[in-house]
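Novice: Contents are compact mmCIF, C-alpha atoms and all ligand atoms; file name start_7.txt:
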```txt
# COMPACT_ATOMS: atom_id res chain seq x y z
CA MET A 1267 0.00 0.00 0.00
CA SER A 1268 1.10 3.50 -0.59
CA GLY A 1269 0.67 6.93 0.96
CA GLY A 1270 -0.83 6.98 4.42
CA ARG A 1271 -2.31 3.99 6.21
CA PRO A 1272 -5.80 2.99 5.21
CA VAL A 1273 -8.46 3.89 7.74
CA GLN A 1274 -11.88 2.40 8.43
CA VAL A 1275 -14.70 4.86 8.93
CA ARG A 1276 -18.45 4.82 9.12
CA ALA A 1277 -19.11 7.20 6.28
CA GLU A 1278 -22.25 9.19 5.66
CA VAL A 1279 -23.83 9.20 2.19
CA LEU A 1280 -23.75 12.78 0.92
CA THR A 1281 -25.16 12.24 -2.58
CA LEU A 1282 -26.09 9.43 -4.97
CA ARG A 1283 -26.81 10.60 -8.48
CA PRO A 1284 -27.04 9.03 -11.94
CA VAL A 1285 -24.26 9.64 -14.47
CA GLY A 1286 -25.18 8.02 -17.77
CA ASP A 1287 -25.79 4.35 -17.00
CA TYR A 1288 -23.78 4.64 -13.76
CA LEU A 1289 -24.32 5.99 -10.27
CA SER A 1290 -21.97 8.38 -8.60
CA LEU A 1291 -21.78 7.99 -4.82
CA THR A 1292 -20.18 10.64 -2.62
CA LEU A 1293 -19.37 9.68 0.94
CA VAL A 1294 -18.31 11.89 3.82
CA ALA A 1295 -15.32 9.85 4.92
CA PRO A 1296 -12.88 11.88 7.03
CA GLY A 1297 -9.36 10.48 6.90
CA VAL A 1298 -9.95 8.31 3.82
CA ALA A 1299 -9.63 11.19 1.38
CA ASP A 1300 -6.40 12.57 2.86
CA ASP A 1301 -3.85 10.44 1.00
CA VAL A 1302 -5.73 9.29 -2.08
CA ARG A 1303 -3.73 9.12 -5.29
CA PRO A 1304 -5.04 8.12 -8.73
CA GLY A 1305 -5.44 4.33 -8.83
CA HIS A 1306 -6.24 3.90 -5.14
CA PHE A 1307 -9.50 2.15 -4.29
CA VAL A 1308 -11.88 1.88 -1.36
CA ALA A 1309 -13.64 -1.23 -0.01
CA LEU A 1310 -17.24 -0.68 1.01
CA ALA A 1311 -19.28 -2.92 3.32
CA VAL A 1312 -22.64 -3.63 1.69
CA GLY A 1313 -26.05 -4.75 2.90
CA GLY A 1314 -26.21 -2.97 6.25
CA GLU A 1315 -25.28 -4.18 9.72
CA GLN A 1316 -27.31 -7.41 9.65
CA SER A 1317 -26.21 -8.30 6.12
CA SER A 1318 -25.10 -11.80 5.18
CA MET A 1319 -22.90 -10.19 2.50
CA LEU A 1320 -19.67 -10.43 4.47
CA LEU A 1321 -17.28 -9.41 1.73
CA ARG A 1322 -16.56 -5.80 0.98
CA ARG A 1323 -16.90 -4.46 -2.56
CA SER A 1324 -14.03 -2.54 -4.12
CA PHE A 1325 -14.33 0.67 -6.13
CA SER A 1326 -11.73 2.98 -7.65
CA VAL A 1327 -11.76 6.44 -6.18
CA TYR A 1328 -12.98 8.90 -8.79
CA ARG A 1329 -12.53 12.05 -6.72
CA ALA A 1330 -11.19 12.67 -3.23
CA THR A 1331 -11.60 15.99 -1.48
CA PRO A 1332 -9.72 16.19 1.82
CA GLY A 1333 -10.90 18.66 4.45
CA GLY A 1334 -13.41 21.19 3.24
CA ARG A 1335 -16.89 21.76 4.53
CA TYR A 1336 -17.55 18.08 5.20
CA GLY A 1337 -14.14 17.08 6.58
CA GLY A 1338 -13.23 14.90 3.60
CA THR A 1339 -15.26 13.22 0.86
CA VAL A 1340 -14.62 10.40 -1.58
CA GLU A 1341 -16.61 9.76 -4.73
CA VAL A 1342 -16.94 6.46 -6.60
CA VAL A 1343 -18.75 5.60 -9.82
CA PHE A 1344 -20.39 2.23 -10.10
CA ALA A 1345 -22.70 0.10 -12.16
CA PRO A 1346 -25.51 -1.73 -10.36
CA HIS A 1347 -24.58 -5.33 -11.11
CA GLY A 1348 -24.93 -8.00 -8.39
CA ALA A 1349 -26.46 -8.00 -4.91
CA GLY A 1350 -23.86 -5.67 -3.36
CA THR A 1351 -23.93 -2.93 -5.96
CA ARG A 1352 -27.74 -3.16 -6.15
CA TRP A 1353 -27.82 -2.50 -2.39
CA LEU A 1354 -25.48 0.47 -2.84
CA ALA A 1355 -27.79 1.80 -5.55
CA GLY A 1356 -30.52 2.05 -2.91
CA VAL A 1357 -28.69 4.12 -0.29
CA ARG A 1358 -29.96 7.61 0.52
CA PRO A 1359 -28.29 10.79 1.77
CA GLY A 1360 -27.65 10.43 5.50
CA ASP A 1361 -27.31 6.62 5.40
CA ALA A 1362 -24.14 5.06 6.79
CA VAL A 1363 -21.67 2.99 4.74
CA ASP A 1364 -18.59 1.42 6.29
CA VAL A 1365 -15.49 2.32 4.24
CA VAL A 1366 -11.88 1.13 4.29
CA GLY A 1367 -9.36 3.10 2.27
CA PRO A 1368 -7.36 4.28 0.54
CA LEU A 1369 -6.19 0.84 -0.58
CA GLY A 1370 -3.73 -0.50 -3.15
CA ARG A 1371 -0.81 0.97 -5.03
CA PRO A 1372 -1.62 3.93 -7.26
CA PHE A 1373 -0.35 4.73 -10.76
CA ALA A 1374 3.30 5.80 -10.79
CA LEU A 1375 3.84 9.24 -12.26
CA PRO A 1376 6.81 9.78 -14.59
CA ALA A 1377 9.93 10.78 -12.64
CA ALA A 1378 10.26 14.55 -12.48
CA SER A 1379 13.86 14.14 -13.73
CA SER A 1380 12.62 12.50 -16.96
CA GLY A 1381 11.05 15.78 -18.08
CA ALA A 1382 7.57 16.17 -19.54
CA ALA A 1383 6.61 12.73 -20.82
CA SER A 1384 3.97 12.11 -23.45
CA CYS A 1385 1.26 10.04 -21.78
CA LEU A 1386 -1.77 8.21 -23.07
CA LEU A 1387 -4.66 7.35 -20.74
CA VAL A 1388 -7.04 4.58 -21.81
CA GLY A 1389 -10.29 3.94 -19.94
CA GLY A 1390 -12.98 1.34 -20.49
CA GLY A 1391 -16.43 2.19 -19.08
CA TYR A 1392 -16.23 3.19 -15.39
CA GLY A 1393 -12.51 2.38 -15.65
CA ALA A 1394 -12.13 6.02 -16.69
CA ALA A 1395 -12.93 7.10 -13.10
CA PRO A 1396 -9.36 7.09 -11.71
CA LEU A 1397 -7.96 8.55 -14.94
CA VAL A 1398 -9.50 12.00 -14.53
CA ALA A 1399 -7.41 12.87 -11.46
CA LEU A 1400 -4.43 11.19 -13.10
CA ALA A 1401 -4.83 13.43 -16.17
CA GLU A 1402 -4.91 16.45 -13.89
CA GLN A 1403 -1.72 15.42 -12.09
CA LEU A 1404 0.13 14.61 -15.32
CA ARG A 1405 -0.89 17.97 -16.73
CA GLU A 1406 0.43 19.70 -13.62
CA ARG A 1407 3.76 18.04 -14.45
CA ARG A 1408 3.54 19.52 -17.94
CA CYS A 1409 3.16 16.09 -19.56
CA ARG A 1410 1.29 15.74 -22.82
CA VAL A 1411 -1.95 13.91 -22.04
CA ASP A 1412 -3.89 12.06 -24.74
CA VAL A 1413 -7.00 10.17 -23.67
CA VAL A 1414 -8.94 7.35 -25.28
CA LEU A 1415 -12.23 6.35 -23.66
CA GLY A 1416 -14.37 3.46 -24.80
CA ALA A 1417 -17.49 1.56 -23.81
CA ALA A 1418 -20.18 -0.68 -25.22
CA SER A 1419 -22.54 2.26 -25.74
CA ALA A 1420 -22.74 6.02 -25.10
CA GLY A 1421 -24.45 5.60 -21.70
CA ARG A 1422 -21.58 3.46 -20.44
CA LEU A 1423 -18.91 6.03 -21.24
CA PHE A 1424 -17.58 7.95 -18.28
CA GLY A 1425 -15.39 11.01 -17.88
CA VAL A 1426 -15.45 12.34 -21.45
CA THR A 1427 -16.38 15.87 -20.41
CA GLN A 1428 -14.34 15.90 -17.20
CA VAL A 1429 -11.09 14.83 -18.82
CA ARG A 1430 -11.21 17.43 -21.62
CA ARG A 1431 -9.87 20.12 -19.24
CA TYR A 1432 -6.54 18.32 -18.97
CA ALA A 1433 -6.12 16.53 -22.29
CA SER A 1434 -4.43 17.52 -25.55
CA SER A 1435 -6.76 15.09 -27.33
CA VAL A 1436 -9.74 12.95 -26.34
CA SER A 1437 -10.85 10.07 -28.58
CA VAL A 1438 -14.04 8.15 -27.92
CA THR A 1439 -15.09 4.73 -29.16
CA THR A 1440 -18.31 2.80 -28.63
CA GLU A 1441 -18.94 -0.73 -29.79
CA ASP A 1442 -22.43 0.15 -31.06
CA GLY A 1443 -21.31 3.44 -32.63
CA SER A 1444 -23.69 5.53 -30.48
CA GLN A 1445 -20.87 8.01 -29.69
CA GLY A 1446 -17.45 8.60 -31.23
CA GLU A 1447 -15.95 5.98 -33.53
CA ARG A 1448 -17.61 2.59 -33.77
CA GLY A 1449 -15.27 -0.09 -32.42
CA ARG A 1450 -12.91 -0.68 -29.51
CA VAL A 1451 -10.32 1.53 -27.87
CA THR A 1452 -7.56 -0.57 -29.39
CA ASP A 1453 -8.72 0.35 -32.91
CA VAL A 1454 -7.62 3.95 -32.44
CA LEU A 1455 -4.58 3.45 -30.19
CA PRO A 1456 -1.85 3.08 -32.85
CA ASP A 1457 -2.87 6.34 -34.50
CA VAL A 1458 -3.21 8.27 -31.21
CA MET A 1459 0.17 6.97 -29.99
CA ARG A 1460 1.88 7.89 -33.25
CA ARG A 1461 0.45 11.42 -33.23
CA GLY A 1462 1.25 11.97 -29.55
CA GLY A 1463 4.66 10.29 -29.52
CA THR A 1464 3.42 8.31 -26.52
CA GLN A 1465 6.03 7.14 -24.01
CA ALA A 1466 3.79 5.98 -21.15
CA VAL A 1467 0.35 4.39 -21.27
CA TYR A 1468 -2.02 4.23 -18.28
CA ALA A 1469 -5.06 1.98 -18.53
CA CYS A 1470 -8.04 0.96 -16.42
CA GLY A 1471 -10.90 -1.22 -17.60
CA PRO A 1472 -11.84 -4.83 -18.25
CA MET A 1473 -9.01 -7.40 -18.20
CA GLY A 1474 -9.31 -8.18 -21.93
CA MET A 1475 -8.94 -4.49 -22.73
CA LEU A 1476 -5.88 -4.20 -20.47
CA ALA A 1477 -4.20 -7.12 -22.22
CA ALA A 1478 -4.89 -5.60 -25.64
CA VAL A 1479 -3.74 -2.12 -24.55
CA THR A 1480 -0.52 -3.60 -23.17
CA ALA A 1481 0.15 -5.36 -26.49
CA ALA A 1482 -0.46 -2.13 -28.44
CA ALA A 1483 1.75 -0.12 -26.07
CA THR A 1484 4.57 -2.66 -26.30
CA ARG A 1485 4.39 -2.64 -30.11
CA ALA A 1486 4.72 1.15 -30.03
CA GLY A 1487 7.72 1.00 -27.65
CA ALA A 1488 5.77 2.45 -24.69
CA VAL A 1489 5.42 1.09 -21.15
CA ALA A 1490 1.87 0.42 -19.94
CA GLN A 1491 0.66 0.67 -16.35
CA THR A 1492 -2.59 -1.23 -15.96
CA ALA A 1493 -5.08 -1.12 -13.06
CA VAL A 1494 -6.49 -4.64 -12.88
CA GLU A 1495 -9.91 -5.57 -11.58
CA GLU A 1496 -9.41 -9.04 -10.16
CA ALA A 1497 -12.21 -10.35 -7.91
CA MET A 1498 -11.47 -9.43 -4.31
CA ALA A 1499 -12.68 -10.56 -0.93
CA CYS A 1500 -10.72 -8.89 1.90
CA GLY A 1501 -9.03 -6.06 -0.05
CA ILE A 1502 -6.21 -5.89 2.51
CA GLY A 1503 -3.89 -8.74 1.59
CA VAL A 1504 -4.93 -11.60 3.86
CA CYS A 1505 -7.18 -13.92 1.81
CA MET A 1506 -5.26 -14.41 -1.50
CA THR A 1507 -8.51 -14.25 -3.51
CA CYS A 1508 -7.14 -11.58 -5.80
CA VAL A 1509 -3.88 -13.19 -6.95
CA LEU A 1510 -2.72 -13.19 -10.55
CA PRO A 1511 0.51 -14.33 -12.24
CA VAL A 1512 3.05 -11.53 -12.56
CA VAL A 1513 6.63 -11.81 -13.80
CA GLY A 1514 9.12 -10.11 -11.49
CA ALA A 1515 12.22 -8.15 -12.46
CA ASP A 1516 14.15 -11.42 -11.92
CA GLY A 1517 12.11 -13.16 -14.63
CA THR A 1518 10.28 -15.38 -12.13
CA THR A 1519 6.48 -15.63 -12.15
CA ARG A 1520 4.79 -15.19 -8.78
CA MET A 1521 1.13 -15.22 -7.79
CA VAL A 1522 0.78 -11.62 -6.64
CA ARG A 1523 -2.06 -10.02 -4.68
CA SER A 1524 -3.74 -7.33 -6.73
CA CYS A 1525 -5.19 -5.62 -3.65
CA THR A 1526 -1.84 -4.86 -2.03
CA GLU A 1527 0.86 -5.21 -4.71
CA GLY A 1528 -1.65 -3.81 -7.25
CA PRO A 1529 -4.14 -2.98 -8.55
CA VAL A 1530 -1.69 -1.13 -10.79
CA PHE A 1531 0.91 -3.35 -12.48
CA ARG A 1532 3.27 -2.90 -15.38
CA GLY A 1533 1.19 -4.42 -18.16
CA ASP A 1534 4.11 -6.28 -19.72
CA ARG A 1535 4.70 -8.10 -16.42
CA VAL A 1536 1.18 -9.55 -16.14
CA ARG A 1537 0.67 -12.96 -17.76
CA TRP A 1538 -2.71 -12.00 -19.16
CA ALA A 1539 -3.41 -15.29 -20.92
CA ASP A 1540 -2.84 -17.15 -17.65
CA VAL A 1541 -4.95 -14.99 -15.30
CA GLY A 1542 -7.21 -17.30 -13.30
CA THR A 1543 -4.62 -20.10 -13.28
CA VAL A 1544 -1.34 -20.88 -11.55
CA PRO A 1545 0.78 -21.32 -14.68
CA GLU A 1546 3.60 -23.79 -14.91
CA GLY A 1547 6.89 -22.33 -13.73
CA THR A 1548 5.26 -20.08 -11.11
CA LEU A 1549 7.28 -19.86 -7.89
CA GLY A 1550 5.78 -22.26 -5.35
CA ALA A 1551 3.44 -23.93 -7.86
CA PRO A 1552 3.06 -27.67 -7.48
CA VAL A 1553 5.17 -29.69 -9.92
CA ALA A 1554 4.97 -33.34 -10.84
CA GLY A 1555 6.81 -35.34 -8.16
CA GLY A 1556 6.69 -32.72 -5.35
CA HIS A 1557 7.39 -29.05 -4.61
CA ARG A 1558 10.16 -26.99 -6.11
C1 LIG A 1601 -9.65 -2.52 -7.57
C2 LIG A 1601 -11.08 -2.58 -8.06
C3 LIG A 1601 -11.71 -1.41 -8.47
C4 LIG A 1601 -13.04 -1.47 -8.91
N1 LIG A 1601 -13.63 -0.29 -9.27
C5 LIG A 1601 -14.93 -0.31 -9.64
C6 LIG A 1601 -15.59 0.91 -9.97
O1 LIG A 1601 -14.99 2.00 -9.92
N2 LIG A 1601 -16.89 0.85 -10.34
C7 LIG A 1601 -17.58 -0.35 -10.41
O2 LIG A 1601 -18.76 -0.36 -10.77
N3 LIG A 1601 -16.98 -1.51 -10.11
C8 LIG A 1601 -15.67 -1.52 -9.72
N4 LIG A 1601 -15.06 -2.70 -9.40
C9 LIG A 1601 -15.85 -3.95 -9.52
C10 LIG A 1601 -16.70 -4.10 -8.30
O3 LIG A 1601 -15.89 -4.33 -7.16
C11 LIG A 1601 -17.62 -5.32 -8.50
O4 LIG A 1601 -18.46 -5.08 -9.60
C12 LIG A 1601 -18.47 -5.51 -7.28
O5 LIG A 1601 -17.66 -6.00 -6.24
C13 LIG A 1601 -19.57 -6.49 -7.57
O6 LIG A 1601 -20.28 -6.71 -6.37
P1 LIG A 1601 -21.77 -7.21 -6.42
O7 LIG A 1601 -22.16 -7.65 -5.06
O8 LIG A 1601 -22.63 -6.19 -7.05
O9 LIG A 1601 -21.69 -8.43 -7.43
P2 LIG A 1601 -21.56 -9.98 -7.14
O10 LIG A 1601 -21.24 -10.59 -8.46
O11 LIG A 1601 -22.75 -10.48 -6.41
O12 LIG A 1601 -20.28 -10.08 -6.19
C14 LIG A 1601 -19.96 -11.22 -5.49
C15 LIG A 1601 -18.47 -11.18 -5.14
O13 LIG A 1601 -17.63 -11.16 -6.29
C16 LIG A 1601 -16.79 -10.01 -6.29
N5 LIG A 1601 -16.80 -9.44 -7.66
C17 LIG A 1601 -17.78 -9.60 -8.57
N6 LIG A 1601 -17.47 -8.94 -9.71
C18 LIG A 1601 -16.27 -8.37 -9.52
C19 LIG A 1601 -15.42 -7.58 -10.32
N7 LIG A 1601 -15.75 -7.24 -11.57
N8 LIG A 1601 -14.26 -7.17 -9.80
C20 LIG A 1601 -13.92 -7.50 -8.55
N9 LIG A 1601 -14.67 -8.25 -7.74
C21 LIG A 1601 -15.84 -8.69 -8.21
C22 LIG A 1601 -17.42 -9.07 -5.29
O14 LIG A 1601 -16.48 -8.22 -4.66
C23 LIG A 1601 -18.05 -9.99 -4.30
O15 LIG A 1601 -17.11 -10.41 -3.36
C24 LIG A 1601 -13.74 -2.70 -8.96
C25 LIG A 1601 -13.09 -3.88 -8.57
C26 LIG A 1601 -11.79 -3.83 -8.13
C27 LIG A 1601 -11.11 -5.10 -7.70
S1 LIG A 1602 -8.54 -9.50 -1.70
FE1 LIG A 1602 -7.81 -10.66 -0.02
S2 LIG A 1602 -5.67 -10.79 -0.43
FE2 LIG A 1602 -6.42 -9.48 -1.98
```
Reformat the file's structure so that it appears as structure tokens.
Specialist:
Amino acid sequence: MSGGRPVQVRAEVLTLRPVGDYLSLTLVAPGVADDVRPGHFVALAVGGEQSSMLLRRSFSVYRATPGGRYGGTVEVVFAPHGAGTRWLAGVRPGDAVDVVGPLGRPFALPAASSGAASCLLVGGGYGAAPLVALAEQLRERRCRVDVVLGAASAGRLFGVTQVRRYASSVSVTTEDGSQGERGRVTDVLPDVMRRGGTQAVYACGPMGMLAAVTAAATRAGAVAQTAVEEAMACGIGVCMTCVLPVVGADGTTRMVRSCTEGPVFRGDRVRWADVGTVPEGTLGAPVAGGHR
């Protein structure tokens, strides 16, 4: 984990409002907002105090406002999906939600000594949420910021308006063609990277998109940082639910926890095709005839 220690607070719902096909939830969560950096996430308890839904649900922080009138707020954007997010969709201002955060390792910014890098941010659906603050921070460092946002349809795009303030260019793709170019984010990436002279790519979205963005970045000679969304249970590193195979600097594959060592990983280090398995050669994996 990075920045300050995560804290657990009983947060008060300030607002819940629709944004396209999503809901944006703002919580008064003093202490949580203080050290949030782009890529951090929060884990919310769902279902109320008597709930049988024991596991917290994780959400990227879209916006964190320390201090201020309410003593610190965090905002997340989510899609009602299963039982937990459907419960969240029913909260009202004044309700209490138990929050742990900020969690995880955020996106790494280019070293100040490397000068103003040319950066490309790629978001799929609500995956754009952590990229808006990232765009702002990269812009403050005088980096060039190109953005590509994609989704299945116009209603599932997020952040298009918000990110324009910080971006040199914003490209939009939808699979049904209801906004921007018809197709996937990867269709436009080579052109955007060529025009922008991209050196660093930052991506957040579905796993298939992250794998494809990493491949496109590598082909263009850029390094990708990807925020993965592996299913989580504890969110704090104790249960191993969220592991995925990642190749270390020493060339060895390890099953790495995405909640503590991630969710942001160098894309070229993640064995995308093997996510969900313990691939052969992984440190500690069982081998025929015993342990290595
Ligand atoms: C680091 C991180 C950031 C995320 N950010 C967002 C966000 O900004 N907005 C958003 O809408 N969703 C986000 N998600 C996905 C969100 O956590 C799941 O959609 C949510 O947990 C589903 O809960 P549920 O009860 O509605 O669904 P159910 O399917 O009933 O969930 C059952 C269990 O599976 C886990 N689970 C199910 N789907 C996912 C998933 N896609 N990813 C991880 N765990 C899952 C749940 O945590 C829960 O433990 C994020 C996930 C991670 C890991
Ligand atoms: S979610 Fe439990 S270790 Fe990552």
Novice: Identify, on the basis of all atoms listed in the file, every residue whose closest approach to Ala1483 (chain A) does not exceed 7 Å; exclude the query and any residue fewer than 6 positions from it along the same chain; express the result as a list in words.
Specialist: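 The filter keeps Val1467, Val1489 and Ala1490 of chain A.
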Novice: Between A:Ala1481, A:Val1504, A:Val1327, A:Met1459, which has the minimum distance to ligand LIG 1601 (chain A) (counting all atoms listed in the file)?
Specialist: A:Val1327
Novice: Give as a PyMOL selection string every residue, naming chains and numbers as the document does, that has an atom within 12 Å of (-11.7, 15.8, 3.9), counting all atoms listed in the file.
Specialist: chain A and resi 1277+1292-1302+1329-1341
Novice: Write the residues of the preceding selection, restricted to C-alpha atoms, as a PDB file, in the frame of the given file.
Specialist:
```pdb
ATOM      1  CA  ALA A1277     -19.110   7.200   6.280  1.00  0.00           C
ATOM      2  CA  THR A1292     -20.180  10.640  -2.620  1.00  0.00           C
ATOM      3  CA  LEU A1293     -19.370   9.680   0.940  1.00  0.00           C
ATOM      4  CA  VAL A1294     -18.310  11.890   3.820  1.00  0.00           C
ATOM      5  CA  ALA A1295     -15.320   9.850   4.920  1.00  0.00           C
ATOM      6  CA  PRO A1296     -12.880  11.880   7.030  1.00  0.00           C
ATOM      7  CA  GLY A1297      -9.360  10.480   6.900  1.00  0.00           C
ATOM      8  CA  VAL A1298      -9.950   8.310   3.820  1.00  0.00           C
ATOM      9  CA  ALA A1299      -9.630  11.190   1.380  1.00  0.00           C
ATOM     10  CA  ASP A1300      -6.400  12.570   2.860  1.00  0.00           C
ATOM     11  CA  ASP A1301      -3.850  10.440   1.000  1.00  0.00           C
ATOM     12  CA  VAL A1302      -5.730   9.290  -2.080  1.00  0.00           C
ATOM     13  CA  ARG A1329     -12.530  12.050  -6.720  1.00  0.00           C
ATOM     14  CA  ALA A1330     -11.190  12.670  -3.230  1.00  0.00           C
ATOM     15  CA  THR A1331     -11.600  15.990  -1.480  1.00  0.00           C
ATOM     16  CA  PRO A1332      -9.720  16.190   1.820  1.00  0.00           C
ATOM     17  CA  GLY A1333     -10.900  18.660   4.450  1.00  0.00           C
ATOM     18  CA  GLY A1334     -13.410  21.190   3.240  1.00  0.00           C
ATOM     19  CA  ARG A1335     -16.890  21.760   4.530  1.00  0.00           C
ATOM     20  CA  TYR A1336     -17.550  18.080   5.200  1.00  0.00           C
ATOM     21  CA  GLY A1337     -14.140  17.080   6.580  1.00  0.00           C
ATOM     22  CA  GLY A1338     -13.230  14.900   3.600  1.00  0.00           C
ATOM     23  CA  THR A1339     -15.260  13.220   0.860  1.00  0.00           C
ATOM     24  CA  VAL A1340     -14.620  10.400  -1.580  1.00  0.00           C
ATOM     25  CA  GLU A1341     -16.610   9.760  -4.730  1.00  0.00           C
TER      26      GLU A1341
END
```
Novice: What's the 8 Å shell around Pro1472 (chain A), counting only C-alpha atoms, without same-chain residues fewer than 4 positions away, as number ranges by chain?
Specialist: A: 1390, 1393, 1476, 1494-1495
Novice: Separation of CA of Cys1508 (chain A) and CA of Leu1397 (chain A), in Å?
Specialist: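 Those two atoms sit 22.1 Å apart.
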